[in-house]
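A.B. asks: Handing over work.cif, mmCIF, C-alpha atoms.
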data_input
#
loop_
_atom_site.label_atom_id
_atom_site.label_comp_id
_atom_site.auth_asym_id
_atom_site.auth_seq_id
_atom_site.Cartn_x
_atom_site.Cartn_y
_atom_site.Cartn_z
CA MET A 1 -39.85 52.56 188.80
CA THR A 2 -40.07 49.07 190.29
CA ALA A 3 -41.13 46.02 188.27
CA SER A 4 -44.27 45.80 190.43
CA THR A 5 -45.30 49.37 189.59
CA ALA A 6 -44.57 48.79 185.91
CA LEU A 7 -46.61 45.57 185.98
CA ALA A 8 -49.54 47.44 187.49
CA GLU A 9 -49.40 50.00 184.68
CA LEU A 10 -49.28 47.25 182.05
CA LEU A 11 -52.24 45.44 183.58
CA LEU A 12 -54.24 48.67 183.86
CA THR A 13 -53.70 49.63 180.21
CA MET A 14 -54.53 46.14 178.98
CA ALA A 15 -57.64 45.92 181.16
CA ASP A 16 -58.89 49.39 180.24
CA ASP A 17 -58.45 48.63 176.53
CA GLU A 18 -60.54 45.46 176.79
CA PHE A 19 -63.10 47.11 179.08
CA VAL A 20 -63.77 50.10 176.85
CA ALA A 21 -63.71 48.03 173.63
CA GLY A 22 -66.21 45.59 175.12
CA PHE A 23 -68.64 48.23 176.32
CA MET A 24 -68.46 50.23 173.08
CA ASP A 25 -69.12 47.17 170.91
CA SER A 26 -71.97 46.08 173.18
CA GLU A 27 -73.83 49.16 171.94
CA TRP A 28 -74.51 47.19 168.72
CA THR A 29 -76.67 44.64 170.51
CA GLY A 30 -80.11 44.81 168.94
CA ILE A 31 -79.12 47.19 166.12
CA ALA A 32 -76.40 45.31 164.20
CA PRO A 33 -76.88 45.07 160.41
CA ILE A 34 -78.08 41.45 160.56
CA LEU A 35 -79.37 39.17 163.32
CA GLU A 36 -76.25 37.01 163.28
CA GLU A 37 -74.17 40.08 164.09
CA ASP A 38 -76.35 40.90 167.09
CA VAL A 39 -75.29 37.53 168.46
CA ALA A 40 -71.67 37.76 167.30
CA MET A 41 -71.01 41.26 168.63
CA SER A 42 -72.74 40.48 171.91
CA SER A 43 -70.54 37.41 172.31
CA ILE A 44 -67.36 39.31 171.45
CA SER A 45 -68.28 42.10 173.85
CA GLN A 46 -68.86 39.60 176.65
CA ASP A 47 -65.47 38.05 175.92
CA GLU A 48 -63.73 41.42 176.09
CA LEU A 49 -65.44 42.35 179.35
CA GLY A 50 -64.51 38.96 180.77
CA HIS A 51 -60.90 39.54 179.76
CA ALA A 52 -61.00 42.96 181.39
CA LYS A 53 -62.39 41.48 184.61
CA ALA A 54 -59.61 38.88 184.77
CA LEU A 55 -56.96 41.56 184.20
CA TYR A 56 -58.49 43.87 186.82
CA GLU A 57 -58.45 40.97 189.29
CA LEU A 58 -54.73 40.47 188.69
CA LEU A 59 -54.23 44.21 189.07
CA ALA A 60 -56.10 44.22 192.40
CA GLU A 61 -53.69 41.54 193.66
CA VAL A 62 -50.63 43.48 192.49
CA LEU A 63 -51.82 46.80 193.94
CA ASP A 64 -53.09 45.25 197.19
CA ASP A 65 -54.65 48.58 198.18
CA GLY A 66 -58.04 47.32 199.32
CA ARG A 67 -59.79 47.80 195.99
CA ASP A 68 -61.31 44.85 194.16
CA ALA A 69 -61.84 44.47 190.41
CA ASP A 70 -65.21 46.23 190.56
CA ALA A 71 -63.78 49.26 192.32
CA ILE A 72 -60.92 49.59 189.85
CA ALA A 73 -63.22 49.14 186.86
CA TYR A 74 -66.06 51.44 187.90
CA ASP A 75 -65.00 53.84 190.64
CA ARG A 76 -62.63 56.07 188.68
CA GLU A 77 -63.36 59.39 187.03
CA PRO A 78 -63.11 59.41 183.20
CA GLU A 79 -59.65 61.03 183.20
CA ALA A 80 -58.20 58.09 185.17
CA TYR A 81 -58.85 55.51 182.47
CA ARG A 82 -55.79 54.49 180.47
CA HIS A 83 -57.26 53.01 177.29
CA ALA A 84 -55.64 53.80 173.97
CA ARG A 85 -56.90 56.77 171.98
CA LEU A 86 -57.88 54.34 169.20
CA LEU A 87 -60.68 53.15 171.49
CA ASP A 88 -61.76 56.64 172.47
CA ARG A 89 -63.78 57.23 169.31
CA PRO A 90 -67.59 57.32 168.92
CA ARG A 91 -69.24 54.06 167.92
CA GLY A 92 -69.99 55.43 164.46
CA ASP A 93 -71.48 53.24 161.74
CA TRP A 94 -70.77 49.56 161.11
CA ALA A 95 -67.70 50.30 158.98
CA ASP A 96 -66.29 52.52 161.76
CA THR A 97 -66.74 49.70 164.26
CA ILE A 98 -65.17 47.08 161.98
CA ALA A 99 -62.21 49.34 161.17
CA ARG A 100 -61.59 50.15 164.84
CA ARG A 101 -61.99 46.52 165.90
CA PHE A 102 -59.70 45.32 163.11
CA LEU A 103 -56.91 47.71 164.07
CA TYR A 104 -57.32 46.96 167.76
CA GLU A 105 -57.66 43.18 167.52
CA LEU A 106 -54.45 42.82 165.55
CA ALA A 107 -52.65 45.25 167.88
CA ASP A 108 -53.86 43.37 170.95
CA GLU A 109 -52.71 40.13 169.35
CA ALA A 110 -49.21 41.57 168.91
CA ARG A 111 -49.23 42.82 172.50
CA LEU A 112 -50.35 39.46 173.91
CA ALA A 113 -47.62 37.76 171.90
CA SER A 114 -45.13 40.01 173.72
CA ILE A 115 -46.02 38.77 177.22
CA GLY A 116 -43.40 36.48 178.73
CA GLY A 117 -43.33 34.25 181.78
CA GLY A 118 -41.89 36.76 184.24
CA TYR A 119 -45.22 37.02 186.07
CA ALA A 120 -46.82 33.57 185.93
CA PRO A 121 -50.44 34.62 186.65
CA LEU A 122 -50.40 36.98 183.67
CA ALA A 123 -48.63 34.48 181.42
CA ASP A 124 -51.25 31.84 182.27
CA LEU A 125 -54.11 34.27 181.65
CA VAL A 126 -52.64 35.42 178.34
CA ALA A 127 -52.50 31.82 177.09
CA LYS A 128 -56.26 31.61 177.67
CA LEU A 129 -56.96 35.03 176.15
CA ARG A 130 -55.04 34.20 172.98
CA ARG A 131 -57.14 31.08 172.42
CA GLU A 132 -60.33 33.16 172.62
CA GLU A 133 -59.03 36.16 170.67
CA ARG A 134 -58.31 34.09 167.55
CA TYR A 135 -62.07 33.85 166.97
CA HIS A 136 -62.37 37.63 167.24
CA ARG A 137 -59.66 37.89 164.58
CA MET A 138 -61.49 35.49 162.26
CA HIS A 139 -64.71 37.48 162.66
CA VAL A 140 -63.21 40.89 161.94
CA LEU A 141 -61.05 39.69 159.01
CA ALA A 142 -64.15 38.24 157.37
CA TRP A 143 -65.86 41.63 157.68
CA ILE A 144 -62.85 43.55 156.38
CA GLU A 145 -62.84 41.44 153.24
CA ARG A 146 -66.62 41.62 152.93
CA LEU A 147 -66.68 45.40 153.10
CA ALA A 148 -63.59 45.85 150.91
CA THR A 149 -65.11 43.74 148.14
CA GLY A 150 -68.77 44.55 148.72
CA GLY A 151 -69.20 47.30 146.15
CA PRO A 152 -68.47 51.04 146.00
CA GLU A 153 -70.54 52.14 149.00
CA ALA A 154 -69.31 49.43 151.36
CA ARG A 155 -65.71 49.87 150.29
CA GLY A 156 -65.94 53.65 150.45
CA ARG A 157 -67.25 53.52 154.01
CA LEU A 158 -64.47 51.14 155.03
CA VAL A 159 -61.77 53.28 153.42
CA ALA A 160 -63.10 56.36 155.22
CA ALA A 161 -63.33 54.49 158.51
CA LEU A 162 -59.77 53.18 158.30
CA ALA A 163 -58.52 56.65 157.44
CA GLY A 164 -60.44 58.19 160.33
CA ALA A 165 -59.05 55.72 162.85
CA GLY A 166 -55.60 55.50 161.31
CA GLU A 167 -53.90 58.36 163.12
CA ALA A 168 -54.74 56.81 166.48
CA ALA A 169 -54.29 53.18 165.42
CA ALA A 170 -50.83 52.71 166.92
CA THR A 171 -51.69 54.25 170.29
CA VAL A 172 -52.17 50.73 171.65
CA PHE A 173 -48.35 50.65 171.60
CA THR A 174 -47.86 53.91 173.49
CA PRO A 175 -44.68 53.25 175.53
CA LEU A 176 -45.06 52.65 179.24
CA ASP A 177 -42.77 54.40 181.71
CA GLY A 178 -41.67 51.09 183.18
CA GLU A 179 -41.17 49.20 179.92
CA ALA A 180 -37.45 48.61 180.59
CA ASP A 181 -38.30 47.13 184.00
CA LEU A 182 -40.86 44.81 182.41
CA LEU A 183 -38.28 43.63 179.89
CA ARG A 184 -35.68 42.98 182.59
CA ALA A 185 -38.21 41.02 184.63
CA GLY A 186 -39.22 38.90 181.65
CA ILE A 187 -42.81 40.11 181.86
CA LEU A 188 -42.35 41.49 178.34
CA THR A 189 -40.27 39.59 175.79
CA ARG A 190 -39.95 42.53 173.39
CA ALA A 191 -40.34 46.29 173.47
CA PHE A 192 -43.56 47.89 172.33
CA ASP A 193 -41.88 49.36 169.24
CA GLU A 194 -40.99 45.79 168.18
CA ALA A 195 -44.58 44.67 168.83
CA GLU A 196 -45.78 47.60 166.73
CA ALA A 197 -43.50 46.53 163.88
CA ALA A 198 -44.97 43.01 164.04
CA TRP A 199 -48.47 44.51 163.99
CA ARG A 200 -47.64 46.54 160.88
CA THR A 201 -46.38 43.41 159.15
CA ASP A 202 -49.64 41.68 160.04
CA LEU A 203 -51.67 44.63 158.75
CA THR A 204 -49.71 44.63 155.52
CA ARG A 205 -50.58 40.99 154.85
CA VAL A 206 -54.28 41.80 155.20
CA LEU A 207 -54.68 45.29 153.75
CA VAL A 208 -52.29 45.38 150.78
CA PRO A 209 -53.92 42.47 148.87
CA LEU A 210 -57.24 44.29 149.27
CA GLY A 211 -55.78 47.56 147.96
CA LEU A 212 -56.25 49.31 151.30
CA ASP A 213 -53.85 51.77 152.91
CA LEU A 214 -51.85 51.11 156.06
CA PRO A 215 -52.30 53.53 158.98
CA PRO A 216 -49.67 56.25 159.12
CA ARG A 217 -46.67 55.96 161.38
CA ILE A 218 -46.88 58.31 164.34
CA GLU A 219 -44.44 59.66 166.86
CA HIS A 220 -45.73 58.41 170.18
CA GLY A 221 -46.47 61.14 172.69
CA PRO A 222 -47.86 61.25 176.22
CA ASP A 223 -51.42 61.69 174.94
CA GLY A 224 -51.69 58.20 173.45
CA ARG A 225 -53.61 57.08 176.53
CA ALA A 226 -54.86 60.40 177.90
CA GLY A 227 -57.15 63.29 177.03
CA HIS A 228 -60.35 61.35 176.57
CA SER A 229 -63.19 62.43 174.30
CA ASP A 230 -66.81 63.37 174.90
CA ALA A 231 -67.72 60.00 173.33
CA PHE A 232 -65.91 58.22 176.14
CA ARG A 233 -67.40 60.45 178.80
CA TRP A 234 -70.84 59.44 177.53
CA LEU A 235 -69.86 55.76 177.56
CA TRP A 236 -68.44 56.15 181.08
CA GLY A 237 -71.78 57.54 182.22
CA GLU A 238 -73.51 54.50 180.77
CA PHE A 239 -71.28 51.78 182.21
CA THR A 240 -70.98 53.35 185.66
CA SER A 241 -74.67 54.22 186.04
CA VAL A 242 -75.64 51.07 187.95
CA ARG A 243 -72.58 51.21 190.18
CA ARG A 244 -73.27 54.84 191.00
CA SER A 245 -76.97 54.26 191.67
CA GLU A 246 -76.68 51.01 193.66
CA VAL A 247 -74.00 51.06 196.34
CA GLY A 248 -72.17 47.75 196.45
CA ALA A 249 -73.41 46.55 193.06
CA THR A 250 -71.04 44.07 191.37
CA TRP A 251 -70.76 42.69 187.87
#
Go ahead and express the file in the form of structure tokens.
C.D. replies:
Amino acid sequence: MTASTALAELLLTMADDEFVAGFMDSEWTGIAPILEEDVAMSSISQDELGHAKALYELLAEVLDDGRDADAIAYDREPEAYRHARLLDRPRGDWADTIARRFLYELADEARLASIGGGYAPLADLVAKLRREERYHRMHVLAWIERLATGGPEARGRLVAALAGAGEAAATVFTPLDGEADLLRAGILTRAFDEAEAAWRTDLTRVLVPLGLDLPPRIEHGPDGRAGHSDAFRWLWGEFTSVRRSEVGATW
């Protein structure tokens, strides 16, 4: 595999993660537990979709196959999306969303910290993304603590949500076929298993003081970014509906 092909796969997985996370969280607009969270989750969702758009634009330049960011984002069948299985779950209740976002935000942070300067457009974009993502981290950590210390029902829902998402939590770090090429090119500064170890250290600092369990370690298989659920197929139908009904529509 060439470095260019490996870079395209990296960009696609990063973009699909942000795209699906953003659309799923946008489903809380208007129904979040409190008004402030309607605003907060809408803002976070917009950020994630903006990040996805920027990554898809880089991918369109790397692929140079005539497709633009819109075509890559919207014109694929559900099976072609490469988001992590962690993000393939139903929206669930508020605790489910906070647990999923917590696990993903910290994983994405570890992944972004692993991007080197081997491809300058991505390195420049990542510097911007990391500045914005720190506010997402602050938001979700506040909610983790709030739910963990908010009484038996709130804590019980959070514990169940973390357990439910735990088996798929590390799928953000599913190895890419061209990972060695990305390391040689300096596009990655560390392997995904090292990024996963850093993520687990980060999780430990947050969860252990709250008496919460870490997600289990898993043996990464080929299904970490494949075999999507009915929940995603429904979401796909929602976010592609305008594109499919209005030829040439853009976001």
A.B. asks: May I ask which of the residues A:Arg100, A:Arg85, A:Arg146, A:Arg111 is the closest one to Trp199 in chain A, counting only C-alpha atoms?
C.D. replies: A:Arg111
A.B. asks: Written as a VMD selection string, which residues does the PyMOL selection byres ((chain A and resi 204-214) around 8) give for the file shown?
C.D. replies: chain A and resid 145 148 to 149 159 166 200 to 203 215 to 216
A.B. asks: So the first atom is CA of Tyr119 in chain A and the second is CA of Val20 in chain A; what is the distance between them in Å, to one decimal place?
C.D. replies: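 Between these atoms lies a distance of 24.5 Å.
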A.B. asks: So which residues get picked by the PyMOL selection byres ((chain A and resi 123) around 12) here, written as an NGL selection string?
C.D. replies: :A and (11 or 55 or 58 or 112-122 or 124-130 or 186-189)
A.B. asks: Quick one: write out the picked residues with C-alpha atoms as a PDB file, in the coordinates of the input?
C.D. replies:
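Output (part.pdb):
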ATOM      1  CA  LEU A  11     -52.240  45.440 183.580  1.00  0.00           C
ATOM      2  CA  LEU A  55     -56.960  41.560 184.200  1.00  0.00           C
ATOM      3  CA  LEU A  58     -54.730  40.470 188.690  1.00  0.00           C
ATOM      4  CA  LEU A 112     -50.350  39.460 173.910  1.00  0.00           C
ATOM      5  CA  ALA A 113     -47.620  37.760 171.900  1.00  0.00           C
ATOM      6  CA  SER A 114     -45.130  40.010 173.720  1.00  0.00           C
ATOM      7  CA  ILE A 115     -46.020  38.770 177.220  1.00  0.00           C
ATOM      8  CA  GLY A 116     -43.400  36.480 178.730  1.00  0.00           C
ATOM      9  CA  GLY A 117     -43.330  34.250 181.780  1.00  0.00           C
ATOM     10  CA  GLY A 118     -41.890  36.760 184.240  1.00  0.00           C
ATOM     11  CA  TYR A 119     -45.220  37.020 186.070  1.00  0.00           C
ATOM     12  CA  ALA A 120     -46.820  33.570 185.930  1.00  0.00           C
ATOM     13  CA  PRO A 121     -50.440  34.620 186.650  1.00  0.00           C
ATOM     14  CA  LEU A 122     -50.400  36.980 183.670  1.00  0.00           C
ATOM     15  CA  ASP A 124     -51.250  31.840 182.270  1.00  0.00           C
ATOM     16  CA  LEU A 125     -54.110  34.270 181.650  1.00  0.00           C
ATOM     17  CA  VAL A 126     -52.640  35.420 178.340  1.00  0.00           C
ATOM     18  CA  ALA A 127     -52.500  31.820 177.090  1.00  0.00           C
ATOM     19  CA  LYS A 128     -56.260  31.610 177.670  1.00  0.00           C
ATOM     20  CA  LEU A 129     -56.960  35.030 176.150  1.00  0.00           C
ATOM     21  CA  ARG A 130     -55.040  34.200 172.980  1.00  0.00           C
ATOM     22  CA  GLY A 186     -39.220  38.900 181.650  1.00  0.00           C
ATOM     23  CA  ILE A 187     -42.810  40.110 181.860  1.00  0.00           C
ATOM     24  CA  LEU A 188     -42.350  41.490 178.340  1.00  0.00           C
ATOM     25  CA  THR A 189     -40.270  39.590 175.790  1.00  0.00           C
TER      26      THR A 189
END
A.B. asks: For a quick check of understanding, using all atoms listed in the file, which of A:Ile31, A:Ala168, A:Ile218, A:Val247 has the smallest distance to Tyr74 in chain A?
C.D. replies: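 Looking at the shortest contact to Tyr74 in chain A, the residue is A:Val247.
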A.B. asks: Decode the PyMOL selection byres ((chain A and resi 106) around 8) for the given file into explicit residues and return them as JSON, numbers by chain.
C.D. replies: {"A": [102, 103, 104, 105, 107, 108, 109, 110, 137, 199, 202, 203]}
A.B. asks: For Pro33 in chain A, which residue out of A:Tyr135, A:Phe239, A:Trp143, A:Phe19 is the nearest one, using only C-alpha atoms?
C.D. replies: A:Trp143
A.B. asks: Missing atoms in range 206-225 of chain A need filling: write out N, CA and C atoms for it as a compact mmCIF listing (two decimals), in the frame of the given file.
C.D. replies:
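Dumped to part_30.txt:
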# COMPACT_ATOMS: atom_id res chain seq x y z
N VAL A 206 -52.83 41.75 155.37
CA VAL A 206 -54.28 41.80 155.20
C VAL A 206 -54.70 42.91 154.24
N LEU A 207 -54.17 44.12 154.46
CA LEU A 207 -54.68 45.29 153.75
C LEU A 207 -54.15 45.41 152.32
N VAL A 208 -52.88 45.16 152.11
CA VAL A 208 -52.29 45.38 150.78
C VAL A 208 -52.97 44.54 149.71
N PRO A 209 -53.22 43.24 149.91
CA PRO A 209 -53.92 42.47 148.87
C PRO A 209 -55.31 43.00 148.56
N LEU A 210 -55.91 43.72 149.49
CA LEU A 210 -57.24 44.29 149.27
C LEU A 210 -57.16 45.71 148.72
N GLY A 211 -55.95 46.21 148.49
CA GLY A 211 -55.78 47.56 147.96
C GLY A 211 -56.11 48.64 148.96
N LEU A 212 -55.94 48.35 150.25
CA LEU A 212 -56.25 49.31 151.30
C LEU A 212 -54.97 49.85 151.92
N ASP A 213 -55.04 51.10 152.39
CA ASP A 213 -53.85 51.77 152.91
C ASP A 213 -53.57 51.35 154.36
N LEU A 214 -52.28 51.33 154.68
CA LEU A 214 -51.85 51.11 156.06
C LEU A 214 -52.02 52.40 156.86
N PRO A 215 -52.24 52.30 158.17
CA PRO A 215 -52.30 53.53 158.98
C PRO A 215 -50.95 54.21 158.99
N PRO A 216 -50.95 55.53 159.12
CA PRO A 216 -49.67 56.25 159.12
C PRO A 216 -48.84 55.94 160.35
N ARG A 217 -47.54 56.09 160.22
CA ARG A 217 -46.67 55.96 161.38
C ARG A 217 -46.76 57.25 162.18
N ILE A 218 -46.78 57.12 163.49
CA ILE A 218 -46.88 58.31 164.34
C ILE A 218 -45.73 58.33 165.33
N GLU A 219 -45.41 59.51 165.78
CA GLU A 219 -44.44 59.66 166.86
C GLU A 219 -45.22 59.61 168.16
N HIS A 220 -44.95 58.60 168.96
CA HIS A 220 -45.73 58.41 170.18
C HIS A 220 -45.46 59.54 171.17
N GLY A 221 -46.56 60.09 171.69
CA GLY A 221 -46.47 61.14 172.69
C GLY A 221 -47.21 60.73 173.95
N PRO A 222 -47.22 61.58 174.94
CA PRO A 222 -47.86 61.25 176.22
C PRO A 222 -49.38 61.19 176.15
N ASP A 223 -49.97 61.66 175.04
CA ASP A 223 -51.42 61.69 174.94
C ASP A 223 -52.00 60.43 174.31
N GLY A 224 -51.18 59.42 174.07
CA GLY A 224 -51.69 58.20 173.45
C GLY A 224 -52.72 57.47 174.30
N ARG A 225 -52.66 57.70 175.61
CA ARG A 225 -53.61 57.08 176.53
C ARG A 225 -54.18 58.12 177.49
